Amino acid sequence: MIRTRFAPSPTGYLHIGGARTALYAWAYARRHGGAFILRIEDTDLARSTPAAVQAIIDGMRWLGLAHDEGPFYQTQRFPRYKEVVAQLLAAGQAYPCYTSADELEQLREAQRARGEKPRYDGRWRPEPGRTLPPAPPGVAPVIRFKNPQDGVVSWEDGVKGRITVANAELDDFVIARGDGTPTYNFCVVVDDWDMRISHVIRGDDHVNNTPRQINLFHALGAPLPNFAHLSMILGDDGQKLSKRHGAVSVLQYEEDGYLPEAVLNYLARLGWSHGDEEIFTMAQFCAWFDLDHVTASAAQFNTEKLNWLNAHYLKQADPARLAAEIERRLAGQGLDRGHDIDLARVATLYRERVGNLNELADAAHPFVRAPHPSAELLAQHLSPAVREALASLRGKFAGVAWEQPVLAAALKETLAAHGMKMPQLAIPLRVVLLGQPQSPAIDAVLEVLGRDRVCERIDAALGPATS
RNA sequence: GACCCUAUCGUCUAGAGGCCUAGGACAAUACCCUUUCACGGUAUGAACCCGGGUUCGAAUCCCGGUGGGGUCGCCA
């Protein structure tokens, strides 16, 4: 049974890198008919917040990455961790350490000065034949894991291949703090063991933790899961993503008018490939996804390609769905009431010309509220000849059947009668009706706008002087 | 600094020794389509980090260099 998990720490929102990690872990489980587990790693009581938990869950929901089990919270598993710590202590595989934070800092400083890798020196590590100093009174010790000192730890990483680290590089890391709460490297192991995780798919930044965790698995007599480390995603500018720089919440993409399927497709393709396939559904992705084709090197985020995918999905999106999205956005501007425009028709008209939902809502704007083209714009487009043609067109519009072919015919008659070419009349008409010189085919716009609005707007533009 | 990882067009990538005069996609440029602007279509330019090996033959394997990234917390 394949079991994967996504294990974010709730210290912030779900960003694009986390989303991709979740996506790959999810797809891997789906691909193999396994289970995808959501686990909230909130052992850092000081930094974890319920709001962040909610933000992560909301982000996952927006993307449609449903978990089969969980969410599990590490803070609710403290008794279990305590039990395992006690077990390790009893077996002599962990020990209390009374070194203070200050002493540790001094130690690291000295090591750095000597050009060494800063690490705990094992001063409280019990060894046969070694006498430890008496425990300082009043100090609550941390518990450290007794890491093997010889040999190497080696594993076959699902994306990076064989990775080998010497135990001499590792120190005895803390598994429980002075206050008794367990720490990350310890909890992950106990959880992955208890939850029978078969494939640990996570960010690149955990590669260095893996050998320690493997040693812990061994000490616990637990079976080893497979590990796969995804390399990181760089910003559009090639710089590392951080809260300060470019790392935005996936929900920000929702705000910015992206469709979740576009974001998902983009993320799927960022760091993984299936030959030349660029556009595919999540069902296809799940059928194809494999670790072998995940790239080992870092990938740079490219907003333009995301935009292209978004435009692609917009073109084939259901008009009713788009109408709801437009409505939601218009509501945000207080424009959702007092109109009888069929927004689904507006969406059909514009969905292949815009890049995102916000642009779509902007395009719908003049359908819902009469535009106010500036005097300059009107002056620029409404020459006397144009006004004349417009007036006669207005006359035709009053009595004609309101259907696109009929409207097109009326337009052509007017053109012929006034010796004009289509753009000469269509562009001014666009300015008058929508407040801008570009739009979809003018006859289609006319039809969706409706007779009343069209006539009102032409009248308003021509003013009382013309009749 | 130490350790670990990594390196194909500007970007995402295909490529698992001969199929590569290196393929696709985004972006760029040009043209076509056209009722404007888009969309769409066609075409063009654009890359194997460097140096050594191994081999009849290397983008592909090995070593070194360089660049990039990660980690070195009683954070996760």
# chains A, B, ... in the order shown; residues from 1 in each chain; ligands from 1
call {"tool": "closest_atom_pairs", "arguments": {"of": "chain B", "to": "chain A", "cutoff": "9 Å", "atoms": "only C-alpha atoms (C1' of nucleotides)", "output": "CSV"}}
result
residue,atom,partner,partner_atom,distance
B:G1,C1',A:Gly115,CA,5.0
B:A2,C1',A:Lys117,CA,4.7
B:C3,C1',A:Glu169,CA,6.9
B:C4,C1',A:Asn208,CA,6.7
B:C5,C1',A:Lys160,CA,7.7
B:U6,C1',A:Ser297,CA,5.3
B:A7,C1',A:Ser297,CA,7.8
B:U11,C1',A:Asn302,CA,6.3
B:C12,C1',A:Leu270,CA,6.1
B:U13,C1',A:Ser273,CA,7.0
B:A14,C1',A:Gly275,CA,5.7
B:G23,C1',A:Asp276,CA,8.6
B:G24,C1',A:Asp276,CA,5.1
B:A25,C1',A:Glu278,CA,6.5
B:C26,C1',A:Lys305,CA,4.7
B:A27,C1',A:Glu304,CA,7.2
B:U35,C1',A:Met422,CA,5.5
B:U36,C1',A:Gln438,CA,5.4
B:C37,C1',A:Gln438,CA,4.8
B:A38,C1',A:Arg353,CA,5.1
B:C39,C1',A:Arg353,CA,6.0
B:G68,C1',A:Ala298,CA,8.8
B:G69,C1',A:Ala298,CA,7.2
B:G70,C1',A:Asp205,CA,5.5
B:U71,C1',A:Asn208,CA,5.7
B:C72,C1',A:Pro118,CA,6.2
B:C74,C1',A:Arg177,CA,4.5
B:C75,C1',A:Asp44,CA,7.2
B:A76,C1',A:Ser9,CA,6.0
call {"tool": "residues_around", "arguments": {"residues": "A58 of chain B", "least_positions_apart": "4", "cutoff": "10 Å", "atoms": "only C-alpha atoms (C1' of nucleotides)", "output": "list in words"}}
result
G17, G18 and U54 of chain B
call {"tool": "residues_around", "arguments": {"residues": "G53 of chain B", "least_positions_apart": "2", "cutoff": "12 Å", "atoms": "only C-alpha atoms (C1' of nucleotides)", "output": "PyMOL selection string"}}
result
chain B and resi 51+55+58+61-64
call {"tool": "atom_distance", "arguments": {"atom1": "atom CA of Gln333 of chain A", "atom2": "atom CA of Leu360 of chain A"}}
result
14.0 Å
call {"tool": "residues_around", "arguments": {"residues": "Phe145 of chain A", "least_positions_apart": "4", "cutoff": "12 Å", "atoms": "only C-alpha atoms (C1' of nucleotides)", "output": "PyMOL selection string"}}
result
chain A and resi 84-89+91-97+120+122+124-126+149+170-177+182-183+185-186+212-213+215-220
call {"tool": "atom_distance", "arguments": {"atom1": "atom CA of Leu449 of chain A", "atom2": "atom CA of Arg328 of chain A"}}
result
20.2 Å
call {"tool": "atom_distance", "arguments": {"atom1": "atom CA of Ala389 of chain A", "atom2": "atom CA of Leu349 of chain A"}}
result
25.8 Å
call {"tool": "select_by_dssp", "arguments": {"residues": "segment 217-452 of chain A", "states": "helix (DSSP H, G or I)", "output": "PyMOL selection string"}}
result
chain A and resi 217-220+250-255+260-269+282-288+291-293+303-315+319-332+343-350+357-368+375-381+384-399+404-418+422-434+442-449+451-452
call {"tool": "residues_around", "arguments": {"residues": "U29 of chain B", "least_positions_apart": "2", "cutoff": "12 Å", "atoms": "only C-alpha atoms (C1' of nucleotides)", "output": "list in words"}}
result
A27, C31, A43, U44, G45 and A46 of chain B
call {"tool": "residues_around", "arguments": {"residues": "Glu255 of chain A", "least_positions_apart": "6", "cutoff": "12 Å", "atoms": "only C-alpha atoms (C1' of nucleotides)", "output": "number ranges by chain"}}
result
A: 59, 62, 248-249, 325, 328-329, 332, 356-359
call {"tool": "write_last_selection", "arguments": {"atoms": "C-alpha atoms", "output": "PDB file, in the first residue's frame"}}
result
ATOM      1  CA  GLY A  59      -5.309  26.510  -0.156  1.00  0.00           C
ATOM      2  CA  TRP A  62      -8.963  25.585  -3.682  1.00  0.00           C
ATOM      3  CA  VAL A 248       2.840  34.384  -2.214  1.00  0.00           C
ATOM      4  CA  SER A 249      -0.025  32.299  -0.957  1.00  0.00           C
ATOM      5  CA  GLU A 325     -16.719  34.323 -11.022  1.00  0.00           C
ATOM      6  CA  ARG A 328     -18.343  37.570  -7.399  1.00  0.00           C
ATOM      7  CA  ARG A 329     -15.861  40.130  -8.602  1.00  0.00           C
ATOM      8  CA  GLY A 332     -16.698  43.228  -4.707  1.00  0.00           C
ATOM      9  CA  ASN A 356      -7.534  35.941 -16.146  1.00  0.00           C
ATOM     10  CA  LEU A 357     -10.822  36.262 -14.318  1.00  0.00           C
ATOM     11  CA  ASN A 358     -10.159  39.804 -13.176  1.00  0.00           C
ATOM     12  CA  GLU A 359      -9.731  40.919 -16.757  1.00  0.00           C
TER      13      GLU A 359
END
